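> Provided herewith: target30.txt, compact mmCIF, C-alpha atoms.
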```
# COMPACT_ATOMS: atom_id res chain seq x y z
CA MET A 4 -60.77 82.39 -112.49
CA VAL A 5 -62.66 79.15 -112.86
CA TYR A 6 -61.52 76.35 -110.55
CA PRO A 7 -59.80 74.03 -111.33
CA MET A 8 -57.65 76.20 -113.49
CA GLN A 9 -56.92 74.45 -116.77
CA GLU A 10 -54.50 76.72 -118.61
CA MET A 11 -50.95 76.47 -117.38
CA PRO A 12 -48.92 79.55 -116.39
CA LEU A 13 -46.29 80.64 -118.89
CA ASN A 14 -42.61 81.43 -118.67
CA ASP A 15 -41.92 78.52 -116.36
CA LYS A 16 -38.68 77.32 -117.95
CA GLN A 17 -35.13 78.47 -117.40
CA GLY A 18 -34.34 81.28 -119.86
CA ASP A 19 -37.98 82.44 -120.14
CA PRO A 20 -38.62 86.13 -119.43
CA GLY A 21 -39.11 86.71 -115.71
CA TYR A 22 -38.23 83.13 -114.84
CA GLU A 23 -35.54 83.96 -112.31
CA GLU A 24 -37.74 86.43 -110.37
CA ASN A 25 -40.69 84.03 -110.36
CA LEU A 26 -38.40 81.20 -109.26
CA ALA A 27 -37.02 83.27 -106.38
CA ALA A 28 -40.54 84.14 -105.19
CA PHE A 29 -41.62 80.50 -105.56
CA GLU A 30 -38.64 79.16 -103.63
CA ALA A 31 -39.13 81.74 -100.88
CA ARG A 32 -42.77 80.68 -100.52
CA VAL A 33 -41.87 76.99 -100.39
CA ALA A 34 -39.09 77.66 -97.87
CA ARG A 35 -41.66 79.42 -95.63
CA GLY A 36 -43.65 76.18 -95.62
CA ASP A 37 -46.50 77.59 -97.73
CA LYS A 38 -48.36 75.09 -99.88
CA VAL A 39 -48.43 75.39 -103.65
CA GLU A 40 -51.90 75.16 -105.20
CA PRO A 41 -53.02 74.37 -108.78
CA GLY A 42 -52.91 77.48 -110.93
CA ASP A 43 -50.01 79.00 -108.97
CA TRP A 44 -46.88 79.81 -110.90
CA MET A 45 -44.42 76.96 -110.51
CA PRO A 46 -41.24 76.00 -112.36
CA ASN A 47 -41.94 73.51 -115.13
CA ASP A 48 -39.38 71.16 -113.51
CA TYR A 49 -41.39 71.18 -110.26
CA ARG A 50 -44.55 70.36 -112.21
CA GLN A 51 -42.86 67.55 -114.17
CA GLN A 52 -41.16 66.03 -111.11
CA LEU A 53 -44.46 66.00 -109.22
CA ILE A 54 -46.37 64.50 -112.15
CA ARG A 55 -43.71 61.79 -112.41
CA LEU A 56 -43.77 61.04 -108.67
CA ILE A 57 -47.55 61.08 -108.24
CA HIS A 58 -48.07 59.06 -111.41
CA VAL A 59 -45.62 56.38 -110.22
CA HIS A 60 -47.23 56.43 -106.78
CA ALA A 61 -50.73 55.98 -108.25
CA ASN A 62 -49.49 53.17 -110.52
CA SER A 63 -47.94 51.49 -107.48
CA GLU A 64 -51.25 51.53 -105.64
CA ILE A 65 -52.89 49.79 -108.62
CA CYS A 66 -50.07 47.28 -109.08
CA GLY A 67 -49.87 46.72 -105.32
CA ALA A 68 -53.44 45.50 -105.38
CA LEU A 69 -52.58 42.81 -107.96
CA PRO A 70 -50.41 40.37 -105.95
CA GLU A 71 -52.76 40.73 -102.97
CA GLY A 72 -55.89 40.49 -105.11
CA GLY A 73 -54.67 37.15 -106.43
CA TRP A 74 -54.67 35.80 -102.88
CA ILE A 75 -58.27 36.75 -102.03
CA PRO A 76 -59.72 33.35 -103.08
CA HIS A 77 -57.04 31.56 -101.02
CA ALA A 78 -57.15 33.63 -97.82
CA PRO A 79 -57.08 31.40 -94.70
CA GLY A 80 -60.53 32.05 -93.25
CA PHE A 81 -63.36 34.48 -93.67
CA LYS A 82 -61.98 37.30 -91.47
CA ARG A 83 -58.66 37.40 -93.33
CA LYS A 84 -60.53 37.34 -96.63
CA LEU A 85 -62.75 40.28 -95.65
CA ALA A 86 -59.75 42.30 -94.52
CA LEU A 87 -57.82 41.53 -97.69
CA VAL A 88 -60.75 42.49 -99.93
CA SER A 89 -61.00 45.74 -97.99
CA LYS A 90 -57.27 46.46 -98.31
CA VAL A 91 -57.31 45.82 -102.06
CA GLN A 92 -60.32 48.13 -102.41
CA ASP A 93 -58.44 50.82 -100.43
CA GLU A 94 -55.36 50.56 -102.67
CA VAL A 95 -57.40 51.02 -105.84
CA GLY A 96 -59.20 53.96 -104.21
CA HIS A 97 -55.81 55.50 -103.35
CA ALA A 98 -54.82 55.28 -107.00
CA GLN A 99 -57.94 57.23 -107.95
CA LEU A 100 -57.15 59.96 -105.39
CA LEU A 101 -53.58 60.19 -106.67
CA TYR A 102 -54.47 60.29 -110.37
CA ARG A 103 -56.78 63.21 -109.51
CA ALA A 104 -53.94 64.98 -107.68
CA ALA A 105 -51.61 64.50 -110.66
CA GLU A 106 -54.33 65.76 -113.02
CA THR A 107 -54.33 69.14 -111.27
CA LEU A 108 -50.81 69.52 -112.72
CA GLY A 109 -52.09 69.09 -116.26
CA LYS A 110 -51.73 65.41 -117.14
CA PRO A 111 -55.08 63.72 -117.94
CA ARG A 112 -56.02 60.57 -116.03
CA GLU A 113 -56.76 58.62 -119.22
CA GLU A 114 -53.20 59.22 -120.36
CA MET A 115 -51.77 57.99 -117.05
CA VAL A 116 -53.93 54.86 -117.09
CA GLU A 117 -52.82 54.13 -120.67
CA GLU A 118 -49.14 54.70 -119.89
CA LEU A 119 -49.25 52.18 -117.06
CA ILE A 120 -50.78 49.52 -119.30
CA SER A 121 -48.39 50.19 -122.18
CA GLY A 122 -45.40 49.96 -119.80
CA LYS A 123 -44.34 53.54 -120.51
CA SER A 124 -44.60 54.62 -116.86
CA LYS A 125 -43.12 52.97 -113.80
CA TYR A 126 -44.41 51.56 -110.51
CA SER A 127 -42.78 50.54 -107.23
CA ASN A 128 -40.02 47.90 -107.43
CA VAL A 129 -41.70 45.68 -104.81
CA PHE A 130 -44.67 44.85 -107.03
CA HIS A 131 -42.43 43.43 -109.77
CA TYR A 132 -42.08 40.27 -107.63
CA HIS A 133 -44.42 37.31 -107.12
CA ALA A 134 -46.34 36.76 -103.89
CA GLU A 135 -45.64 33.05 -103.69
CA THR A 136 -47.22 32.09 -100.37
CA TRP A 137 -49.72 33.49 -97.86
CA ALA A 138 -46.74 34.60 -95.76
CA ASP A 139 -45.70 36.85 -98.65
CA VAL A 140 -49.10 38.56 -98.35
CA ALA A 141 -48.47 39.04 -94.62
CA VAL A 142 -44.98 40.45 -95.21
CA ILE A 143 -46.23 42.81 -97.93
CA ALA A 144 -49.05 44.07 -95.72
CA TRP A 145 -46.80 44.56 -92.71
CA LEU A 146 -43.34 45.60 -93.88
CA ILE A 147 -44.03 47.06 -97.30
CA ASP A 148 -46.96 49.06 -96.02
CA ALA A 149 -44.78 50.17 -93.09
CA ALA A 150 -42.06 51.30 -95.50
CA ALA A 151 -44.69 53.04 -97.63
CA ILE A 152 -46.11 54.84 -94.59
CA VAL A 153 -42.66 56.25 -93.74
CA ASN A 154 -42.54 57.64 -97.28
CA GLN A 155 -46.15 58.84 -97.44
CA LYS A 156 -46.14 60.57 -94.04
CA MET A 157 -43.13 62.54 -95.21
CA MET A 158 -44.64 63.33 -98.61
CA ALA A 159 -47.87 64.46 -96.89
CA GLU A 160 -45.87 67.34 -95.40
CA GLY A 161 -44.61 68.30 -98.86
CA SER A 162 -45.26 71.53 -100.68
CA TYR A 163 -47.94 70.59 -103.21
CA GLY A 164 -51.44 71.05 -101.71
CA PRO A 165 -53.49 68.47 -103.66
CA TYR A 166 -50.88 65.69 -103.20
CA SER A 167 -50.51 66.52 -99.53
CA ARG A 168 -54.29 66.39 -98.96
CA ALA A 169 -54.63 63.07 -100.82
CA LEU A 170 -51.78 61.56 -98.78
CA LYS A 171 -53.30 62.52 -95.44
CA ARG A 172 -56.41 60.57 -96.36
CA ILE A 173 -54.32 57.68 -97.67
CA CYS A 174 -52.19 57.46 -94.49
CA TYR A 175 -55.34 57.20 -92.41
CA GLU A 176 -56.42 54.10 -94.36
CA GLU A 177 -52.94 52.59 -94.51
CA ALA A 178 -52.91 52.43 -90.71
CA PHE A 179 -55.39 49.53 -90.89
CA HIS A 180 -53.23 47.74 -93.50
CA LEU A 181 -50.21 47.95 -91.23
CA THR A 182 -52.08 46.71 -88.14
CA HIS A 183 -53.63 43.86 -90.06
CA GLY A 184 -50.27 42.98 -91.65
CA TYR A 185 -48.57 42.84 -88.25
CA ASP A 186 -51.46 40.74 -86.94
CA MET A 187 -50.98 38.24 -89.79
CA CYS A 188 -47.23 38.07 -89.15
CA ILE A 189 -47.76 37.53 -85.40
CA SER A 190 -50.14 34.66 -86.21
CA LEU A 191 -47.55 32.99 -88.43
CA ALA A 192 -44.60 33.73 -86.12
CA THR A 193 -46.38 32.24 -83.12
CA GLY A 194 -47.86 29.31 -85.06
CA SER A 195 -46.57 25.87 -86.06
CA LYS A 196 -43.03 25.25 -87.29
CA LEU A 197 -44.42 25.12 -90.81
CA GLN A 198 -45.95 28.57 -90.39
CA ARG A 199 -42.79 30.03 -88.82
CA ASP A 200 -40.66 28.64 -91.63
CA MET A 201 -43.08 29.98 -94.21
CA LEU A 202 -42.80 33.48 -92.70
CA GLN A 203 -38.99 33.34 -92.57
CA ASP A 204 -38.91 32.16 -96.20
CA ALA A 205 -41.08 35.12 -97.16
CA ILE A 206 -38.69 37.50 -95.36
CA ASN A 207 -35.74 35.91 -97.15
CA ARG A 208 -37.46 36.42 -100.51
CA TRP A 209 -38.66 39.95 -99.79
CA TRP A 210 -35.75 41.47 -97.93
CA LYS A 211 -33.95 42.60 -101.07
CA PRO A 212 -37.00 44.34 -102.63
CA ILE A 213 -37.78 45.88 -99.21
CA MET A 214 -34.22 47.24 -98.87
CA MET A 215 -34.60 48.76 -102.33
CA PHE A 216 -38.09 50.17 -101.72
CA HIS A 217 -37.07 53.72 -100.76
CA GLY A 218 -34.97 54.05 -103.89
CA PRO A 219 -31.27 54.39 -104.66
CA SER A 220 -28.80 55.46 -102.00
CA ASP A 221 -28.25 59.21 -101.62
CA LYS A 222 -24.92 58.75 -103.35
CA GLU A 223 -26.73 57.56 -106.49
CA SER A 224 -30.12 59.27 -106.40
CA LYS A 225 -30.14 61.92 -109.09
CA HIS A 226 -33.33 63.74 -108.12
CA THR A 227 -32.97 64.15 -104.35
CA GLU A 228 -31.31 67.56 -104.14
CA VAL A 229 -33.83 69.56 -106.16
CA LEU A 230 -36.78 67.58 -104.73
CA MET A 231 -35.71 68.55 -101.22
CA ARG A 232 -35.15 72.21 -102.08
CA TRP A 233 -38.71 72.38 -103.43
CA ARG A 234 -40.06 70.41 -100.48
CA ILE A 235 -41.53 67.74 -102.71
CA LYS A 236 -39.50 65.39 -100.56
CA LEU A 237 -38.38 66.18 -97.01
CA LYS A 238 -36.02 63.29 -96.31
CA SER A 239 -33.45 61.51 -98.43
CA ASN A 240 -33.95 57.89 -99.51
CA ASP A 241 -31.35 56.66 -97.03
CA ALA A 242 -32.91 58.65 -94.17
CA GLN A 243 -36.30 57.09 -94.92
CA ARG A 244 -34.74 53.62 -95.07
CA GLN A 245 -33.06 54.14 -91.68
CA GLU A 246 -36.32 55.38 -90.16
CA PHE A 247 -38.05 52.22 -91.37
CA LEU A 248 -35.25 49.90 -90.21
CA LYS A 249 -34.99 51.53 -86.78
CA LYS A 250 -38.60 50.83 -86.05
CA TYR A 251 -39.14 47.47 -87.73
CA VAL A 252 -35.91 45.47 -87.48
CA PRO A 253 -36.31 45.16 -83.67
CA LYS A 254 -39.94 44.09 -84.18
CA MET A 255 -38.80 41.42 -86.65
CA PHE A 256 -36.16 40.13 -84.23
CA ASN A 257 -38.80 40.08 -81.53
CA LEU A 258 -40.88 37.75 -83.72
CA GLY A 259 -37.85 35.44 -83.96
CA LEU A 260 -37.19 36.43 -87.57
CA THR A 261 -33.72 36.91 -89.02
CA ILE A 262 -32.31 38.95 -91.88
CA PRO A 263 -30.49 36.90 -94.54
CA GLU A 264 -26.77 36.72 -93.69
CA GLU A 265 -25.47 38.13 -96.97
CA TRP A 266 -26.70 41.58 -95.86
CA GLU A 267 -24.34 41.55 -92.83
CA PHE A 268 -26.80 43.62 -90.82
CA ARG A 269 -25.25 45.30 -87.78
CA TYR A 270 -26.28 48.18 -85.56
CA ASP A 271 -23.86 51.09 -85.29
CA GLU A 272 -24.17 52.38 -81.71
CA ALA A 273 -22.20 55.53 -82.50
CA THR A 274 -24.48 56.78 -85.28
CA LYS A 275 -27.58 54.87 -84.08
CA GLU A 276 -28.00 53.54 -87.60
CA TRP A 277 -28.16 50.13 -89.22
CA ARG A 278 -25.23 49.16 -91.43
CA TYR A 279 -25.59 46.66 -94.24
CA ASN A 280 -24.19 45.69 -97.61
CA GLU A 281 -25.47 48.14 -100.19
CA PRO A 282 -28.14 46.75 -102.56
CA ASP A 283 -27.30 46.42 -106.24
CA TRP A 284 -28.88 49.59 -107.63
CA ASP A 285 -28.37 48.53 -111.24
CA GLU A 286 -30.56 45.55 -110.49
CA PHE A 287 -33.15 47.89 -108.94
CA LEU A 288 -33.21 50.08 -112.06
CA ASN A 289 -33.52 47.04 -114.26
CA VAL A 290 -36.48 45.76 -112.23
CA VAL A 291 -38.42 49.06 -112.24
CA ARG A 292 -37.86 49.31 -115.99
CA GLY A 293 -40.09 46.25 -116.28
CA ASN A 294 -37.62 43.38 -116.09
CA GLY A 295 -38.58 41.95 -112.70
CA PRO A 296 -39.84 38.37 -112.24
CA ALA A 297 -43.53 39.42 -112.18
CA SER A 298 -43.38 42.56 -114.36
CA ALA A 299 -44.95 41.02 -117.45
CA LEU A 300 -47.66 39.29 -115.42
CA ARG A 301 -48.58 42.54 -113.63
CA LEU A 302 -49.12 44.46 -116.86
CA ARG A 303 -51.00 41.57 -118.48
CA THR A 304 -53.33 41.39 -115.49
CA ARG A 305 -53.81 45.15 -115.45
CA LYS A 306 -54.57 45.20 -119.18
CA LEU A 307 -57.05 42.34 -118.85
CA ALA A 308 -58.82 44.06 -115.93
CA HIS A 309 -59.03 47.29 -117.93
CA GLU A 310 -60.47 45.50 -120.97
CA GLU A 311 -62.92 43.43 -118.93
CA GLY A 312 -64.11 46.57 -117.15
CA ALA A 313 -64.82 48.37 -120.44
CA TRP A 314 -68.53 47.47 -120.33
CA VAL A 315 -68.89 49.28 -116.99
CA ARG A 316 -67.42 52.48 -118.41
CA GLU A 317 -69.61 52.14 -121.51
CA ALA A 318 -72.72 51.58 -119.40
CA LEU A 319 -71.96 54.64 -117.25
CA ALA A 320 -71.45 56.80 -120.32
CA ALA A 321 -74.60 55.48 -121.99
CA ALA A 322 -76.74 56.06 -118.90
CA ALA A 323 -75.46 59.63 -118.59
CA ALA A 324 -76.33 60.18 -122.25
CA GLY A 325 -79.91 59.13 -121.47
CA GLU A 326 -79.72 55.80 -123.24
CA HIS A 327 -81.47 52.78 -121.84
CA VAL A 328 -79.03 50.40 -120.19
CA PRO A 329 -80.34 46.84 -119.99
CA VAL A 330 -80.01 45.45 -116.49
CA PRO A 331 -79.31 41.72 -116.13
CA VAL A 332 -82.55 39.86 -115.27
CA GLU A 333 -81.35 38.65 -111.86
CA MET A 334 -80.81 42.24 -110.74
CA ASN A 335 -84.36 43.37 -111.62
CA MET B 20 -62.70 52.62 -126.22
CA THR B 21 -64.92 54.78 -124.01
CA ASP B 22 -63.34 58.04 -122.97
CA THR B 23 -63.68 58.26 -119.18
CA GLN B 24 -62.09 61.68 -118.95
CA TRP B 25 -65.52 62.74 -117.68
CA PRO B 26 -66.41 66.07 -116.03
CA VAL B 27 -64.95 66.72 -112.59
CA PHE B 28 -67.18 67.00 -109.52
CA GLU B 29 -65.94 68.46 -106.27
CA VAL B 30 -66.97 66.43 -103.22
CA PHE B 31 -68.16 67.85 -99.87
CA HIS B 32 -68.55 65.62 -96.85
CA GLN B 33 -70.57 66.21 -93.65
CA GLN B 34 -69.49 64.19 -90.61
CA ALA B 35 -72.57 64.84 -88.47
CA ARG B 36 -75.72 66.90 -88.54
CA GLY B 37 -74.89 70.43 -87.51
CA GLU B 38 -71.33 70.20 -88.84
CA PRO B 39 -70.29 72.07 -91.99
CA HIS B 40 -69.90 70.28 -95.31
CA VAL B 41 -66.15 70.09 -95.88
CA HIS B 42 -64.41 69.81 -99.23
CA VAL B 43 -62.58 66.47 -99.36
CA GLY B 44 -61.55 66.13 -102.98
CA SER B 45 -62.92 65.51 -106.44
CA ILE B 46 -63.83 62.75 -108.88
CA HIS B 47 -64.63 62.20 -112.53
CA ALA B 48 -68.18 61.08 -113.32
CA PRO B 49 -70.46 61.08 -116.37
CA ASP B 50 -73.19 62.90 -114.43
CA ALA B 51 -74.06 64.22 -110.96
CA GLN B 52 -76.04 61.13 -109.92
CA MET B 53 -73.11 58.85 -110.69
CA ALA B 54 -70.76 61.35 -109.06
CA LEU B 55 -72.65 60.80 -105.78
CA VAL B 56 -72.31 57.03 -106.09
CA LEU B 57 -68.58 57.25 -106.80
CA ALA B 58 -68.03 59.90 -104.12
CA LYS B 59 -69.53 57.57 -101.54
CA GLU B 60 -67.08 54.81 -102.55
CA GLN B 61 -64.14 57.15 -102.70
CA TYR B 62 -64.65 59.48 -99.75
CA ALA B 63 -67.07 57.84 -97.34
CA ARG B 64 -65.55 54.38 -96.96
CA ARG B 65 -64.14 55.30 -93.55
CA MET B 66 -65.08 57.80 -90.85
CA ALA B 67 -68.57 59.05 -90.10
CA CYS B 68 -70.61 60.62 -92.86
CA VAL B 69 -74.26 61.64 -92.84
CA ASN B 70 -74.41 63.64 -96.05
CA LEU B 71 -72.47 64.15 -99.27
CA TRP B 72 -72.61 66.96 -101.81
CA VAL B 73 -71.19 66.87 -105.31
CA VAL B 74 -70.79 70.08 -107.27
CA SER B 75 -69.71 70.38 -110.87
CA ALA B 76 -66.19 71.86 -110.74
CA GLU B 77 -67.14 74.13 -113.63
CA ALA B 78 -69.80 75.76 -111.45
CA ILE B 79 -67.19 77.01 -109.00
CA LEU B 80 -65.90 80.52 -109.42
CA ALA B 81 -62.82 81.21 -107.31
CA THR B 82 -60.58 84.14 -106.53
CA ASP B 83 -57.03 83.99 -107.80
CA TYR B 84 -54.23 83.25 -105.30
CA GLU B 85 -52.31 86.01 -107.05
CA ASP B 86 -54.94 88.43 -105.78
CA ALA B 87 -54.85 87.25 -102.16
CA ASP B 88 -54.03 90.83 -101.14
CA ILE B 89 -57.71 91.72 -101.65
CA PHE B 90 -58.26 90.06 -98.26
CA ASP B 91 -55.67 92.23 -96.52
CA HIS B 92 -57.02 95.04 -94.36
CA GLY B 93 -55.96 98.38 -95.75
CA THR B 94 -56.45 100.12 -92.44
CA ASP B 95 -56.63 99.15 -88.76
CA LYS B 96 -59.93 97.31 -88.40
CA SER B 97 -59.54 96.33 -84.75
CA TYR B 98 -62.74 98.31 -84.02
CA ARG B 99 -64.69 95.36 -85.44
CA GLU B 100 -63.00 92.73 -83.26
CA SER B 101 -63.95 91.93 -79.67
CA THR B 102 -60.26 92.17 -78.81
CA GLY B 103 -60.27 95.78 -80.04
CA TYR B 104 -61.85 97.01 -76.81
CA GLN B 105 -60.63 97.49 -73.21
CA THR B 106 -64.17 97.12 -71.90
CA THR B 107 -63.36 94.66 -69.08
CA LYS B 108 -61.04 97.21 -67.49
CA ARG B 109 -63.49 100.04 -68.04
CA ALA B 110 -66.46 98.02 -66.74
CA LYS B 111 -64.50 97.14 -63.56
CA ALA B 112 -63.80 100.83 -63.06
CA ILE B 113 -67.51 101.51 -62.87
CA GLY B 114 -68.14 98.63 -60.45
CA ASP B 115 -69.24 95.85 -62.89
CA THR B 116 -67.12 92.82 -61.86
CA ALA B 117 -69.29 90.15 -63.57
CA GLU B 118 -68.21 88.62 -66.86
CA ILE B 119 -69.13 90.71 -69.87
```
Can you turn what I pasted into structure tokens?

Amino acid sequence: MVYPMQEMPLNDKQGDPGYEENLAAFEARVARGDKVEPGDWMPNDYRQQLIRLIHVHANSEICGALPEGGWIPHAPGFKRKLALVSKVQDEVGHAQLLYRAAETLGKPREEMVEELISGKSKYSNVFHYHAETWADVAVIAWLIDAAAIVNQKMMAEGSYGPYSRALKRICYEEAFHLTHGYDMCISLATGSKLQRDMLQDAINRWWKPIMMFHGPSDKESKHTEVLMRWRIKLKSNDAQRQEFLKKYVPKMFNLGLTIPEEWEFRYDEATKEWRYNEPDWDEFLNVVRGNGPASALRLRTRKLAHEEGAWVREALAAAAAGEHVPVPVEMN
Amino acid sequence: MTDTQWPVFEVFHQQARGEPHVHVGSIHAPDAQMALVLAKEQYARRMACVNLWVVSAEAILATDYEDADIFDHGTDKSYRESTGYQTTKRAKAIGDTAEI
């Protein structure tokens, strides 16, 4: 066969001839911990769930770069600016890796890029909010990247080969984002009263989106069971949230930060878990459907960037077709 | 609008001279030259790299995972492995105690 295989295997839906036998063999392979590769037989539901997840993940990398990108001109000092530029570049690169991984399942990149701009596909809840101050940038880089790493490290052990490979590379780069984010938060937390207040305000604003980041509670999440059976996902949303909280809540307290009182955060010694008031999951769903405070701005910015970058794509295509591409005088 | 659903190039990355080129992923590019430029941005931003290859994905012919049994050994082929021999024991028996 020619790699990458383009034609999709048949009889991958319930009721198709041979579906049950193929499904049994597929599930046995996945249960053994074998990776699934493009071109392998897989249930259509597995393919669609993965496309949905990877597409949303890729979109989130793109949209995650937007609130941070807006802060590049205002970064406090040259070192912070360099690091932020680098992080934003990484996030956009991650999106490219992920769109490629999703493409191996049969959905073209162009289509995914279009669906993000038209609002047809989703992206992470946290990027539907405004980054109002520099402390928001620090909180995003530290806590949201930390929460994302919990999720991505787990997904990297998942059953689909191309997604798993892309995530291993992504996790390597995210490690710098996390370190730099923590460094920014330490600077603010150990700075003037104004800086400390600014950081606490950012936590107060971001705590709700952060608590929602890993998705609806296990009681409400409709996809979890099948995703875990097929090893697309290895831990439930609540388990990921606890893993994040266990590691980072003590670090926040150590910086003198507090969690807004309405959450009634308390540590349960018996179960070694954090207890809190459950987020409003209807609000979460409403936000990811594009009704968050910054949703419209994000898509407008994304659309503008896509339109303003059209000349680059045209120039690349023209050069490959052997046409002369005029180079601006100052670059000659 | 320009269609950027360009051909796919597989990317191979070499960490140091003497090391093998390792497949790291793939990218879309209008031609091979541009594929190299984009591969550098995408796959060589971190970690050491001394050399990159890009290969048109269409040029790759692969076996089918379904046919992975072609790599199974039909018969005992231990005779072509170093572990298939008891030579250390036999060499000792004839007085050769040095490493083989």
> Figure out the distance between atom CA of His58 of chain A and atom CA of Asn128 of chain A, please, to one decimal in Å.
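Rounded to one decimal, the two atoms are 14.3 Å apart.
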> Only residues of chain A matter here; which ones have an atom within 10 Å of chain B, counting only C-alpha atoms? Give them as a PyMOL selection string.
chain A and resi 4-8+39-44+89+92-93+95-97+99-100+102-104+111-114+165+168-169+172+175-176+310+313-324
> One decimal, Å: what's the distance from atom CA of Gly103 of chain B over to atom CA of Ile119 of chain B, could you say?
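Going from atom CA of Gly103 of chain B over to atom CA of Ile119 of chain B, I get 14.4 Å.
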> Can you tell me how far atom CA of Ala150 of chain A sits from atom CA of Ile57 of chain A, in Å to one decimal?
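Computing it gives 17.0 Å between the two atoms.
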> Show me the residues close to (-51.5, 48.0, -117.3) - anything with an atom within 9 Å, counting all atoms listed in the file - and format the list as a ChimeraX atom specification.
/A:62,65-66,116-122,301-309
> Which is closest to Trp210 of chain A among A:Phe179, A:Tyr166, A:Phe268, A:Tyr22, if we use all atoms listed in the file?
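Counting all atoms listed in the file, the residue closest to Trp210 of chain A is A:Phe268.
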> Could you name the residues that touch segment 68-74 of chain B at 7 Å or less, counting all atoms listed in the file, but leaving out those on the same chain fewer than 2 positions away, as a list of chain:residue names?
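Close residues of segment 68-74 of chain B: B:Phe28, B:Glu29, B:Val30, B:Phe31, B:His32, B:Gln33, B:Gln34, B:Ala35, B:Arg36, B:Ala51, B:Ala54, B:Leu55, B:Ala63, B:Met66, B:Ala76.
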> Leaving out Phe216 of chain A and any residue of its chain fewer than 2 positions from it, which residues lie within 9 Å of it when counting all atoms listed in the file, given as a list in words?
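Selected residues are Ser127, Asn128, Val129, Ile147, Ala150, Ala151, Lys211, Pro212, Ile213, Met214, Gly218, Pro219 and Arg244 of chain A.
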> For the residues in the current selection, export C-alpha atoms as a PDB file, in the coordinates of the input.

```
ATOM      1  CA  SER A 127     -42.780  50.540-107.230  1.00  0.00           C
ATOM      2  CA  ASN A 128     -40.020  47.900-107.430  1.00  0.00           C
ATOM      3  CA  VAL A 129     -41.700  45.680-104.810  1.00  0.00           C
ATOM      4  CA  ILE A 147     -44.030  47.060 -97.300  1.00  0.00           C
ATOM      5  CA  ALA A 150     -42.060  51.300 -95.500  1.00  0.00           C
ATOM      6  CA  ALA A 151     -44.690  53.040 -97.630  1.00  0.00           C
ATOM      7  CA  LYS A 211     -33.950  42.600-101.070  1.00  0.00           C
ATOM      8  CA  PRO A 212     -37.000  44.340-102.630  1.00  0.00           C
ATOM      9  CA  ILE A 213     -37.780  45.880 -99.210  1.00  0.00           C
ATOM     10  CA  MET A 214     -34.220  47.240 -98.870  1.00  0.00           C
ATOM     11  CA  GLY A 218     -34.970  54.050-103.890  1.00  0.00           C
ATOM     12  CA  PRO A 219     -31.270  54.390-104.660  1.00  0.00           C
ATOM     13  CA  ARG A 244     -34.740  53.620 -95.070  1.00  0.00           C
TER      14      ARG A 244
END
```
> Centre and edge lengths, as lines of an AutoDock Vina configuration file, for the axis-aligned box enclosing every listed atom of segment 41-53 of chain B with 4 Å of padding on each of the six sides, in Å to one decimal?

```
center_x = -68.8
center_y = 64.5
center_z = -106.1
size_x = 22.5
size_y = 19.2
size_z = 28.5
```
> Excluding Trp209 of chain A and residues on its chain fewer than 2 positions from it, collect all residues at most 12 Å away from it, counting all atoms listed in the file, and give them as JSON, numbers by chain.
{"A": [128, 129, 130, 131, 132, 133, 134, 135, 136, 138, 139, 140, 141, 142, 143, 144, 145, 146, 147, 202, 203, 204, 205, 206, 207, 211, 212, 213, 214, 215, 216, 262, 263]}
> If we draw a sphere of 12 Å around (-31.8, 59.6, -107.6), which residues have at least one atom in it when counting only C-alpha atoms? Please report them as a PyMOL selection string.
chain A and resi 52+217-231+236+239-241+284+287-288
> How about saving the chosen residues, C-alpha atoms kept, as a compact mmCIF listing (two decimals), keeping the file's coordinate frame?

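Saved file selection-v4.txt follows:
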```txt
# COMPACT_ATOMS: atom_id res chain seq x y z
CA GLN A 52 -41.16 66.03 -111.11
CA HIS A 217 -37.07 53.72 -100.76
CA GLY A 218 -34.97 54.05 -103.89
CA PRO A 219 -31.27 54.39 -104.66
CA SER A 220 -28.80 55.46 -102.00
CA ASP A 221 -28.25 59.21 -101.62
CA LYS A 222 -24.92 58.75 -103.35
CA GLU A 223 -26.73 57.56 -106.49
CA SER A 224 -30.12 59.27 -106.40
CA LYS A 225 -30.14 61.92 -109.09
CA HIS A 226 -33.33 63.74 -108.12
CA THR A 227 -32.97 64.15 -104.35
CA GLU A 228 -31.31 67.56 -104.14
CA VAL A 229 -33.83 69.56 -106.16
CA LEU A 230 -36.78 67.58 -104.73
CA MET A 231 -35.71 68.55 -101.22
CA LYS A 236 -39.50 65.39 -100.56
CA SER A 239 -33.45 61.51 -98.43
CA ASN A 240 -33.95 57.89 -99.51
CA ASP A 241 -31.35 56.66 -97.03
CA TRP A 284 -28.88 49.59 -107.63
CA PHE A 287 -33.15 47.89 -108.94
CA LEU A 288 -33.21 50.08 -112.06
```
